[in-house]
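Worksheet: one structure, shown below.
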Protein chains: 2
Amino acid sequence: MTDQATADLWPGERTETARRLLLAAVESFANRGYHATTTRDIATAAGMSPAALYIHYPSKAALLSEISRTGHRSTLALVEDAEASSGEPVEQMRHLVEEFTAWHARGHTVGRIVNNELHALPEDAFAEVAELRIRIEDTVRRIIEKGVARGEFEVPDARTAARAVTSLGIDVARWYTDRSTESPEELGRRYSVLVLRMLGAEAG
Amino acid sequence: MTDQATADLWPGERTETARRLLLAAVESFANRGYHATTTRDIATAAGMSPAALYIHYPSKAALLSEISRTGHRSTLALVEDAEASSGEPVEQMRHLVEEFTAWHARGHTVGRIVNNELHALPEDAFAEVAELRIRIEDTVRRIIEKGVARGEFEVPDARTAARAVTSLGIDVARWYTDRSTESPEELGRRYSVLVLRMLGAEAG
DNA sequence: GTGGTGACTAAGCGCTTGCTTAGCATGTTG
DNA sequence: CAACATGCTAAGCAAGCGCTTAGTCACCAC
């Protein structure tokens, strides 16, 4: 039931049981929302009694924190890799959109939690995650500004354009389902064409 | 505390008290989420005891249904007005994006409920709302297809492009706050420039 | 006045929630 | 073989949930 992309985020969680609980939490939080999910839901989905959850995680909120932190770190890494992949803004942006979009399609369950359950995070996790989100948006804006300075992009306002680019990718997690006809990779390629054109780049 | 755009959605709710409850529910659902909001929260914010809520609405879910239905109807009307406003796809699309974006910025509280609390809706409200969402997306796709047929737009895939256009607007409700520097109208204009370019239209 | 009505509250019911406690097998160590 | 650690469960606790009940008060018709 759990997709590979999600499972890959926690390759070696402390024990196999802890991992099963985590993946069950991802599934439940994504489908029903954090507050609508009970600890009994998670434990049952992982095939154990409610009390067993607390041997592996101190609280329901700790599960959410772990999911949100890991999801955000993974996204930031992806965005920074795209920036490092080339010196050319057009190529950087193509990579970024392709992978950012595909990530949100492939891992739309984790993506939903990452983007919609921010308000449910405990303070410390929220602080870390907010910082990561800023760094993601800053990276996108930096690429756009560099492209504009070089005359390869042309936008009315870099900040707004950066918002639009990240926004497009993030929202994929909201509507993409496993029954969608486009593969995550195909969607990424199509979105990168649209985005480059949106930014006023010449070539498709 | 409640913005004018939200208040305008219910110009003449049955009684003044019913309206106060509804607006308090909008505020609470948007800030904390439906499941994290208690009927006590709503009643207290409207300045009354928890039991008074049930004189005006049969349940907490009925409040959500009312908010979601009205929000969706208002959005569909806006989209259909944009299509009717001109015979030219470029003009239709400019109007659509300008107003769709501004609506989600102005009414970002209602917008968040409309787009993120679908799973919490009772069955009958969900069915109505799902139908409205399809009509919104269909209208956007129709405009794009007409533009492509006329040689005024050029996109790899109309369905994907329609998703991207609606997605951009919807996601505004997630990140826009009253402290955002751009006005809803200004944001709408900037987004319409980006979208038209994304669709391969000549003029900005 | 009297009876009726509509908007409201204080109190609380039954249930579910996140989490804890006490105890039970199993395996490992000396 | 005793002593302990580990990973789990059955049972349940306090708190909070959506919603109901019983009753109060202001107002209006006659």
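Going through the structure tokens in order, the chains are called A, B, and so on, while each chain numbers its residues from 1 and the ligands are numbered from 1 in the order shown.
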
Could you list, as a PyMOL selection string, every residue within 12 Å of Arg163 in chain B, counting only C-alpha atoms (C1' of nucleotides) and ignoring same-chain residues fewer than 6 positions away? (chain A and resi 168-169+171-172+174-176+187+190-191+194) or (chain B and resi 133-134+136-141+144+157+169-171+195)

Take the residues from that selection and put them in a file with C-alpha atoms, as a compact mmCIF listing (two decimals), in the first residue's frame.
```
# COMPACT_ATOMS: atom_id res chain seq x y z
CA LEU A 168 3.04 24.99 -9.03
CA GLY A 169 5.19 22.15 -7.73
CA ASP A 171 0.18 21.97 -5.42
CA VAL A 172 0.90 18.81 -7.41
CA ARG A 174 -2.76 18.09 -3.58
CA TRP A 175 -4.24 16.79 -6.83
CA TYR A 176 -1.94 14.01 -8.04
CA LEU A 187 4.61 15.61 -15.57
CA ARG A 190 5.79 19.15 -19.13
CA TYR A 191 5.87 21.49 -16.15
CA LEU A 194 5.62 25.62 -19.04
CA ARG B 133 -14.83 21.63 -9.25
CA ILE B 134 -15.12 19.66 -12.47
CA ILE B 136 -14.35 24.98 -13.05
CA GLU B 137 -11.55 22.90 -14.53
CA ASP B 138 -13.57 22.20 -17.68
CA THR B 139 -14.09 25.90 -18.28
CA VAL B 140 -10.39 26.60 -18.02
CA ARG B 141 -9.57 23.74 -20.38
CA ILE B 144 -7.20 26.89 -23.57
CA ASP B 157 -1.16 19.32 -23.49
CA GLY B 169 -4.60 30.26 -8.40
CA ILE B 170 -5.73 27.75 -5.78
CA ASP B 171 -2.35 27.65 -4.09
CA VAL B 195 0.09 32.54 -17.26
```

Using only C-alpha atoms (C1' of nucleotides) and a distance of at most 9 Å, pull out the residues of chain A that contact chain D, as a PyMOL selection string. chain A and resi 48-52+55

Could you turn the residues from that selection into a file that holds C-alpha atoms, as a short mmCIF file (atom, residue, chain, number, x, y, z; two decimals), in the first residue's frame?
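The resulting file, selection00.cif, is reproduced below:
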```cif
data_model
loop_
_atom_site.label_atom_id
_atom_site.label_comp_id
_atom_site.auth_asym_id
_atom_site.auth_seq_id
_atom_site.Cartn_x
_atom_site.Cartn_y
_atom_site.Cartn_z
CA MET A 48 -0.20 -3.77 16.67
CA SER A 49 -1.92 -2.49 19.78
CA PRO A 50 -2.21 1.25 20.52
CA ALA A 51 0.25 1.06 23.42
CA ALA A 52 3.03 -0.33 21.24
CA ILE A 55 7.54 2.27 22.78
#
```

Using only C-alpha atoms and a distance of at most 8 Å, pull out the residues of chain B that contact chain A, as a list of chain:residue names. B:Arg32, B:His35, B:Ala36, B:Asn116, B:His119, B:Val155, B:Pro156, B:Thr160, B:Ala161, B:Ala164, B:Ser167, B:Leu168, B:Asp171, B:Val172, B:Arg190, B:Leu194, B:Val195, B:Leu196, B:Arg197, B:Met198, B:Leu199, B:Gly200

Can I get the residues of chain A within 10 Å of chain C, each with the closest pair of atoms and their distance in Å to one decimal, using only C-alpha atoms (C1' of nucleotides), sorted chain first then ascending number, as JSON lines?
```
{"residue": "A:Thr38", "atom": "CA", "partner": "C:DT17", "partner_atom": "C1'", "distance": 7.6}
{"residue": "A:Thr39", "atom": "CA", "partner": "C:DG18", "partner_atom": "C1'", "distance": 7.3}
{"residue": "A:Arg40", "atom": "CA", "partner": "C:DG18", "partner_atom": "C1'", "distance": 9.5}
{"residue": "A:Pro50", "atom": "CA", "partner": "C:DC19", "partner_atom": "C1'", "distance": 9.4}
{"residue": "A:Ala51", "atom": "CA", "partner": "C:DC19", "partner_atom": "C1'", "distance": 8.1}
{"residue": "A:Tyr54", "atom": "CA", "partner": "C:DC19", "partner_atom": "C1'", "distance": 8.2}
{"residue": "A:Pro58", "atom": "CA", "partner": "C:DC19", "partner_atom": "C1'", "distance": 9.5}
{"residue": "A:Ser59", "atom": "CA", "partner": "C:DG18", "partner_atom": "C1'", "distance": 8.2}
{"residue": "A:Lys60", "atom": "CA", "partner": "C:DG18", "partner_atom": "C1'", "distance": 7.9}
```

Output C-alpha atoms of each residue in that selection to a file, as an mmCIF file, in the first residue's frame.
```cif
data_model
loop_
_atom_site.group_PDB
_atom_site.id
_atom_site.type_symbol
_atom_site.label_atom_id
_atom_site.label_comp_id
_atom_site.auth_asym_id
_atom_site.auth_seq_id
_atom_site.Cartn_x
_atom_site.Cartn_y
_atom_site.Cartn_z
ATOM 1 C CA THR A 38 -6.100 8.617 15.899
ATOM 2 C CA THR A 39 -3.175 6.805 17.459
ATOM 3 C CA ARG A 40 -5.359 3.697 17.275
ATOM 4 C CA PRO A 50 -2.210 1.254 20.520
ATOM 5 C CA ALA A 51 0.245 1.058 23.415
ATOM 6 C CA TYR A 54 4.630 4.673 22.489
ATOM 7 C CA PRO A 58 7.010 9.457 22.410
ATOM 8 C CA SER A 59 3.839 10.953 20.939
ATOM 9 C CA LYS A 60 1.620 11.311 17.902
#
```

d(CA of Ala30 in chain B, CA of His104 in chain A) in Å: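 Computing the Euclidean distance for CA of Ala30 in chain B and CA of His104 in chain A yields 23.3 Å.
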
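Pairwise distance (CA of Ala18 in chain A, CA of Thr177 in chain A) equals 26.2 Å.
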
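Here CA of Ser68 in chain B stands at a distance of 5.1 Å from CA of Val114 in chain B.
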
Select from range 102-203 of chain A everything DSSP, run on the backbone, classes as helix (DSSP H, G or I), then give the selection as a ChimeraX atom specification. /A:102-106,108-116,118-120,123-149,158-175,184-198

Could you tell me which of A:Glu145, A:Glu186, A:Asp178, A:Glu128 comes closest to Ala162 in chain A if we count only C-alpha atoms?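 Using only C-alpha atoms, Ala162 in chain A sits closest to A:Glu145.
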
Within 8 Å of Ala82 in chain A, counting only C-alpha atoms (C1' of nucleotides), which residues show up once you throw out same-chain ones fewer than 4 positions away? Write them as a list of chain:residue names, please. A:Leu78, A:Ser86, A:Gln92, A:Met93, A:His95, A:Leu96

Same residues, C-alpha atoms, output as a PDB file, in the first residue's frame:
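Final file, out20.pdb:
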```pdb
ATOM      1  CA  LEU A  78      16.684  18.211  -4.282  1.00  0.00           C
ATOM      2  CA  SER A  86      24.843  23.478 -13.771  1.00  0.00           C
ATOM      3  CA  GLN A  92      19.248  24.810 -13.268  1.00  0.00           C
ATOM      4  CA  MET A  93      15.598  25.742 -13.537  1.00  0.00           C
ATOM      5  CA  HIS A  95      16.296  20.399 -13.445  1.00  0.00           C
ATOM      6  CA  LEU A  96      14.667  22.034 -10.484  1.00  0.00           C
TER       7      LEU A  96
END
```

Give me the residues within 9 Å of Leu23 in chain B as a ChimeraX atom specification, counting only C-alpha atoms (C1' of nucleotides) and dropping any in the same chain fewer than 3 places off. /B:2,6-7,10,18-20,26-28,42,46

Contacts of Pro184 in chain A within 6 Å, only C-alpha atoms (C1' of nucleotides), excl. fewer than 3 positions in-chain, as a list in words: Ala102, Ala105, Arg106 and Leu187 of chain A
